[in-house]
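Below is one structure, written out as structure tokens; comments come after it.
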Amino acid sequence: MNTDLMWQKFINERDDTSFSLVYNTYVEALYAYGIHLGFRDELCKDAIQDVFYNIYVKKSELKKVKNPTAYLFKSCKYRLIDLARKEAKIENIDSFDDSFTLDITVLENIIDAEESILLKNKVEKLLECLSGQQREAVYMKYMLGLGYDEISEILQINPDSVRKLMYRSMEKIRQNIDNNHPEWLPLFVILFLNF
């Protein structure tokens, strides 16, 4: 069943089965997103629980939500920031913008362990040239498969800015390859073929 339909069924019909399906659909992706943002394991779990608790309790207020995926990722990110602020009494949330880290693990299921480690290191080196926001956008686009509209809602920038951000990210990676690692060009083409 489509996630948007499950969401609408839960919100409009108060269907607990649909709520469970939405939770099960997103929990792992939200957890991975929180870890990649640089938050601790337990803090990620707490934030996800808080987000879904609030959704369950305030479902009548969520009828205006048009994009559940973007809503969940944005809610999780801001809940993580709130929890971290309380935990560490952090005053400036801008420090989270550049803390996004990307741990490439998708390819580990395709190739053996030794080649995977080499490939992972190459991809991480390619992505080092990007800003935190660029890495976050690349992660959302290629690892989570989110569209430009969803990414724009999560990052709170307009979709054209997301396209420009992705274009500049790809250009930076291409320049990094051209200047430092021309032998990695095939890797770049394979990883980002659908750009």
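In the structure tokens, the first chain shown is A, the next is B, and so on; residue numbers restart at 1 for each chain, and ligands run from 1 in the order shown.
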
task = Identify, on the basis of only C-alpha atoms, every residue whose closest approach to range 8-12 of chain A does not exceed 10 Å; exclude the query and any residue fewer than 5 positions from it along the same chain; express the result as a VMD selection string.
result = chain A and resid 3 17 to 22 55 to 56 58 to 63 65 to 66 68

Please write the residues from the selection above to a file, keeping C-alpha atoms, as a PDB file, in the first residue's frame.
ATOM      1  CA  THR A   3       2.694   5.403   2.101  1.00  0.00           C
ATOM      2  CA  THR A  17      -2.864  -0.670  11.464  1.00  0.00           C
ATOM      3  CA  SER A  18      -2.047   2.120   9.021  1.00  0.00           C
ATOM      4  CA  PHE A  19      -0.142   3.931  11.770  1.00  0.00           C
ATOM      5  CA  SER A  20       1.940   0.794  12.368  1.00  0.00           C
ATOM      6  CA  LEU A  21       2.623   0.459   8.658  1.00  0.00           C
ATOM      7  CA  VAL A  22       3.759   4.090   8.422  1.00  0.00           C
ATOM      8  CA  ILE A  55       1.749  12.061  15.407  1.00  0.00           C
ATOM      9  CA  TYR A  56      -0.469   9.549  17.155  1.00  0.00           C
ATOM     10  CA  LYS A  58      -2.107  14.993  17.434  1.00  0.00           C
ATOM     11  CA  LYS A  59      -3.388  13.192  14.333  1.00  0.00           C
ATOM     12  CA  SER A  60      -6.347  15.552  13.971  1.00  0.00           C
ATOM     13  CA  GLU A  61      -3.925  18.481  13.554  1.00  0.00           C
ATOM     14  CA  LEU A  62      -2.037  16.746  10.738  1.00  0.00           C
ATOM     15  CA  LYS A  63      -4.724  16.778   8.051  1.00  0.00           C
ATOM     16  CA  VAL A  65       0.287  17.598   5.808  1.00  0.00           C
ATOM     17  CA  LYS A  66       0.661  17.059   2.073  1.00  0.00           C
ATOM     18  CA  PRO A  68       4.299  12.682   4.923  1.00  0.00           C
TER      19      PRO A  68
END

inquiry  = Residues near Gln134 in chain A, anyone? I mean within 9 Å using only C-alpha atoms, not counting same-chain ones fewer than 6 positions away, as a list in words.
reply    = Leu127, Leu165, Met166, Arg168 and Ser169 of chain A

I need the residues from that last selection saved to file as a short mmCIF file (atom, residue, chain, number, x, y, z; two decimals), in the first residue's frame (with N, CA and C atoms), if you can.
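Produced file again_10.cif, reproduced below:
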data_model
loop_
_atom_site.label_atom_id
_atom_site.label_comp_id
_atom_site.auth_asym_id
_atom_site.auth_seq_id
_atom_site.Cartn_x
_atom_site.Cartn_y
_atom_site.Cartn_z
N LEU A 127 33.22 12.71 -1.39
CA LEU A 127 32.22 13.55 -0.74
C LEU A 127 32.82 14.54 0.27
N LEU A 165 21.68 23.17 -5.68
CA LEU A 165 22.57 22.56 -4.69
C LEU A 165 23.09 21.21 -5.19
N MET A 166 22.20 20.40 -5.76
CA MET A 166 22.61 19.10 -6.29
C MET A 166 23.54 19.28 -7.48
N ARG A 168 25.53 21.81 -8.12
CA ARG A 168 26.83 22.28 -7.61
C ARG A 168 27.58 21.17 -6.89
N SER A 169 26.85 20.31 -6.19
CA SER A 169 27.48 19.18 -5.51
C SER A 169 28.12 18.24 -6.53
#

query = Could you work out how far CA of Gly145 in chain A lies from CA of Asn121 in chain A, giving the answer in Å with one decimal?
reply = 21.9 Å

inquiry  = Can you measure CA of Ala32 in chain A to CA of Tyr142 in chain A for me? One decimal in Å is fine.
reply    = 13.6 Å

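If you measure from each of A:Glu87, A:Arg40, A:Pro159, A:Trp7 to Lys64 in chain A using only C-alpha atoms, the closest one turns out to be A:Trp7.
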
key: Distance query Tyr53 in chain A at most 12 Å, only C-alpha atoms, self and fewer than 4 positions along chain excluded, as number ranges by chain   = A: 19-20, 23, 46-49, 57-59, 72, 75-76, 79

Keeping C-alpha atoms for every residue in the selection just given, could you write it to a file as a short mmCIF file (atom, residue, chain, number, x, y, z; two decimals), in the first residue's frame?
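Listed below is the output, selection26.cif:
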data_model
loop_
_atom_site.label_atom_id
_atom_site.label_comp_id
_atom_site.auth_asym_id
_atom_site.auth_seq_id
_atom_site.Cartn_x
_atom_site.Cartn_y
_atom_site.Cartn_z
CA PHE A 19 -0.14 3.93 11.77
CA SER A 20 1.94 0.79 12.37
CA TYR A 23 6.00 3.58 11.45
CA ASP A 46 14.17 8.74 21.46
CA ALA A 47 13.51 11.35 18.77
CA ILE A 48 11.80 8.82 16.50
CA GLN A 49 9.60 7.63 19.35
CA VAL A 57 -1.66 12.02 19.78
CA LYS A 58 -2.11 14.99 17.43
CA LYS A 59 -3.39 13.19 14.33
CA LEU A 72 8.59 12.90 9.13
CA SER A 75 10.11 16.52 12.39
CA CYS A 76 12.76 13.98 13.27
CA ARG A 79 13.29 16.77 17.47
#

task = Could you tell me which of A:Ala84, A:Ile151, A:Ile173, A:Gly38 comes closest to Glu124 in chain A if we count only C-alpha atoms?
result = A:Ile173

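Among A:Glu150, A:Gln133, A:Asp160, A:Cys44, the residue with the shortest atom-to-atom distance to Thr69 in chain A, counting only C-alpha atoms, is A:Glu150.
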